[in-house]
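What's in query_23.txt: compact mmCIF, C-alpha atoms
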# COMPACT_ATOMS: atom_id res chain seq x y z
CA MET A 1315 53.56 105.80 -59.65
CA ASN A 1316 54.02 102.14 -60.48
CA GLY A 1317 57.00 100.67 -58.63
CA LEU A 1318 56.97 103.06 -55.67
CA THR A 1319 60.35 102.99 -54.01
CA THR A 1320 62.22 104.39 -51.07
CA SER A 1321 65.97 104.98 -50.95
CA ALA A 1322 66.22 101.49 -49.46
CA GLY A 1323 64.00 99.74 -52.00
CA GLN A 1324 60.30 99.22 -52.50
CA LEU A 1325 57.81 101.30 -50.53
CA LEU A 1326 55.28 98.44 -50.45
CA SER A 1327 55.47 94.73 -50.93
CA ALA A 1328 52.67 92.25 -51.49
CA SER A 1329 52.53 88.61 -50.59
CA VAL A 1330 49.92 85.86 -50.48
CA ALA A 1331 48.58 84.39 -47.23
CA GLY A 1332 46.38 81.37 -46.67
CA SER A 1333 46.82 78.18 -48.66
CA PRO A 1334 50.43 77.56 -49.68
CA ALA A 1335 51.35 79.97 -52.45
CA THR A 1336 52.78 78.85 -55.75
CA VAL A 1337 55.60 80.64 -57.54
CA SER A 1338 52.98 82.11 -59.87
CA ASP A 1339 50.96 83.38 -56.90
CA LEU A 1340 53.99 85.21 -55.54
CA MET A 1341 55.58 86.37 -58.77
CA PHE A 1342 52.53 87.16 -60.90
CA SER A 1343 49.38 87.48 -58.79
CA ALA A 1344 50.93 89.47 -55.93
CA HIS A 1345 52.69 91.75 -58.42
CA LEU A 1346 49.46 92.28 -60.38
CA TYR A 1347 47.63 93.11 -57.14
CA LEU A 1348 50.32 95.57 -56.03
CA THR A 1349 50.65 97.39 -59.35
CA THR A 1350 46.86 97.64 -59.70
CA LEU A 1351 46.62 98.99 -56.14
CA GLU A 1352 49.37 101.55 -56.74
CA ARG A 1353 47.63 102.88 -59.85
CA GLN A 1354 44.58 103.84 -57.76
CA PHE A 1355 46.50 106.62 -56.00
CA GLY A 1356 47.84 109.87 -57.39
CA SER A 1357 50.99 109.88 -55.27
CA ALA A 1358 53.01 107.80 -52.87
CA ASP A 1359 51.95 110.18 -50.08
CA ALA A 1360 48.27 109.51 -50.80
CA LEU A 1361 48.81 105.76 -50.81
CA VAL A 1362 50.71 105.83 -47.52
CA ALA A 1363 48.13 108.10 -45.87
CA CYS A 1364 45.32 105.75 -46.89
CA PHE A 1365 47.30 102.69 -45.78
CA HIS A 1366 47.96 104.22 -42.34
CA ALA A 1367 44.32 105.26 -41.94
CA ARG A 1368 43.22 101.69 -42.73
CA GLN A 1369 45.73 100.28 -40.24
CA LYS A 1370 44.44 102.70 -37.60
CA GLU A 1371 40.86 101.63 -38.34
CA LEU A 1372 41.78 97.96 -37.95
CA GLN A 1373 43.57 98.61 -34.66
CA ALA A 1374 40.93 100.94 -33.21
CA GLY A 1375 37.94 99.06 -34.55
CA GLY A 1376 36.75 102.13 -36.43
CA ASN A 1377 36.52 104.25 -33.30
CA ASP A 1378 38.42 107.51 -32.90
CA LEU A 1379 38.77 108.17 -36.63
CA ALA A 1380 38.30 111.70 -37.90
CA ARG A 1381 36.21 112.33 -41.02
CA THR A 1382 39.37 112.85 -43.05
CA GLU A 1383 40.69 109.48 -41.91
CA LEU A 1384 37.37 107.82 -42.73
CA ARG A 1385 37.60 109.20 -46.29
CA LEU A 1386 41.13 107.82 -46.57
CA VAL A 1387 39.94 104.43 -45.31
CA THR A 1388 37.18 104.42 -47.93
CA LYS A 1389 39.71 105.26 -50.64
CA TRP A 1390 41.93 102.39 -49.46
CA LYS A 1391 39.05 99.92 -49.34
CA ASN A 1392 37.93 100.88 -52.86
CA ALA A 1393 41.47 100.61 -54.22
CA HIS A 1394 41.97 97.25 -52.50
CA ALA A 1395 38.65 95.91 -53.79
CA HIS A 1396 39.57 96.89 -57.35
CA ALA A 1397 43.06 95.37 -57.14
CA ASP A 1398 41.79 92.25 -55.38
CA HIS A 1399 39.07 91.73 -57.98
CA LYS A 1400 41.58 91.98 -60.82
CA ALA A 1401 44.29 89.79 -59.27
CA ARG A 1402 42.34 87.22 -57.24
CA VAL A 1403 41.29 85.25 -60.32
CA THR A 1404 44.96 84.54 -61.04
CA LEU A 1405 45.62 82.87 -57.66
CA SER A 1406 46.03 79.11 -57.47
CA ASP A 1407 43.45 78.86 -54.64
CA PRO A 1408 41.48 82.12 -54.70
CA ASP A 1409 38.91 80.95 -52.14
CA ASN A 1410 41.58 80.27 -49.54
CA GLN A 1411 44.20 82.91 -50.23
CA GLU A 1412 44.42 86.65 -49.69
CA PHE A 1413 46.84 89.44 -50.53
CA VAL A 1414 48.88 90.96 -47.73
CA ILE A 1415 50.55 94.38 -47.99
CA VAL A 1416 53.58 95.43 -45.97
CA LEU A 1417 54.86 99.00 -45.90
CA ALA A 1418 58.66 99.39 -45.91
CA GLY A 1419 60.02 99.80 -42.41
CA GLN A 1420 57.16 98.00 -40.69
Produce structure tokens that represent the structure in this file.
Amino acid sequence: MNGLTTSAGQLLSASVAGSPATVSDLMFSAHLYLTTLERQFGSADALVACFHARQKELQAGGNDLARTELRLVTKWKNAHAHADHKARVTLSDPDNQEFVIVLAGQ
């Protein structure tokens, strides 16, 4: 599932927020984070469902989520934690930077 794409290009993109990012942060670290994240899901549909559930949780503050959505949020958080742990050490300023994911079309 590495390199998830839509007909218009990539399904997800990753960037680095916080302290100014270096070329290595954007080209290597963000890519490592994204590919590690993608590998945690069995399909693009599963990844997108988890991403949307997490976005809903952030917007609603955790209220109004069904049990199914809460499981998806947990899956997303675990996948993010794994990817972040693996890629964070490669950032130029890991204490002041974070990975940001954007879904195509948003």
Report task. Find the residues around range 1384-1397 of chain A up to 6 Å (all atoms listed in the file counted), leave out those fewer than 6 positions away in its own chain, and share them as an MDAnalysis selection string. Result -> chainID A and resid 1347 1350:1351 1354 1364 1367:1368
Requested in this report: Considering all atoms listed in the file, return as a list of chain:residue names whatever protein or nucleic-acid residues lie within 9 Å of range 1398-1404 of chain A, sequence-local ones (same chain, fewer than 5 positions apart) excluded.
Outcome: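 Result of the neighbour search: A:Ser1338, A:Asp1339, A:Phe1342, A:Ser1343, A:Ala1344, A:His1345, A:Leu1346, A:Tyr1347, A:Leu1348, A:Thr1350, A:Leu1351, A:Ala1393, A:Asp1409, A:Gln1411, A:Glu1412, A:Phe1413.
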Report task. Just give me the gap between CA of Ser1406 in chain A and CA of Leu1325 in chain A in Å, one decimal is fine. Result ->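 That distance, rounded to one decimal, is 26.1 Å.
Take CA of Gly1375 in chain A and CA of Ala1418 in chain A: the distance between them is 23.6 Å.
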What are the centre and edge lengths in Å, to one decimal, of the axis-aligned box around all listed atoms of range 1359-1363 of chain A with 3 Å added on each side, as lines of an AutoDock Vina configuration file?
center_x = 50.0
center_y = 108.0
center_z = -48.3
size_x = 9.8
size_y = 10.4
size_z = 10.9
Query raised in the report: Which residue out of A:Ser1329, A:Thr1382, A:Thr1336, A:Gln1324 has the minimum interatomic distance to Asp1407 in chain A when all atoms listed in the file are used?
Result: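 Using all atoms listed in the file, Asp1407 in chain A sits closest to A:Thr1336.
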Report summary line: CA of Val1330 in chain A sits from CA of Glu1371 in chain A at a separation of 21.9 Å
Query - A:Val1416, A:Pro1408, A:Leu1326, A:Gly1332 ranked by distance to Ala1358 in chain A, top pick (using all atoms listed in the file) - result: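 Residue with the minimum atom-to-atom distance to Ala1358 in chain A: A:Leu1326.
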Report task. Find the residue from A:Ser1327, A:Glu1383, A:Met1341, A:Asn1410 that sits nearest to His1366 in chain A; use only C-alpha atoms when measuring. Result ->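 Smallest separation from His1366 in chain A among the options: A:Glu1383.
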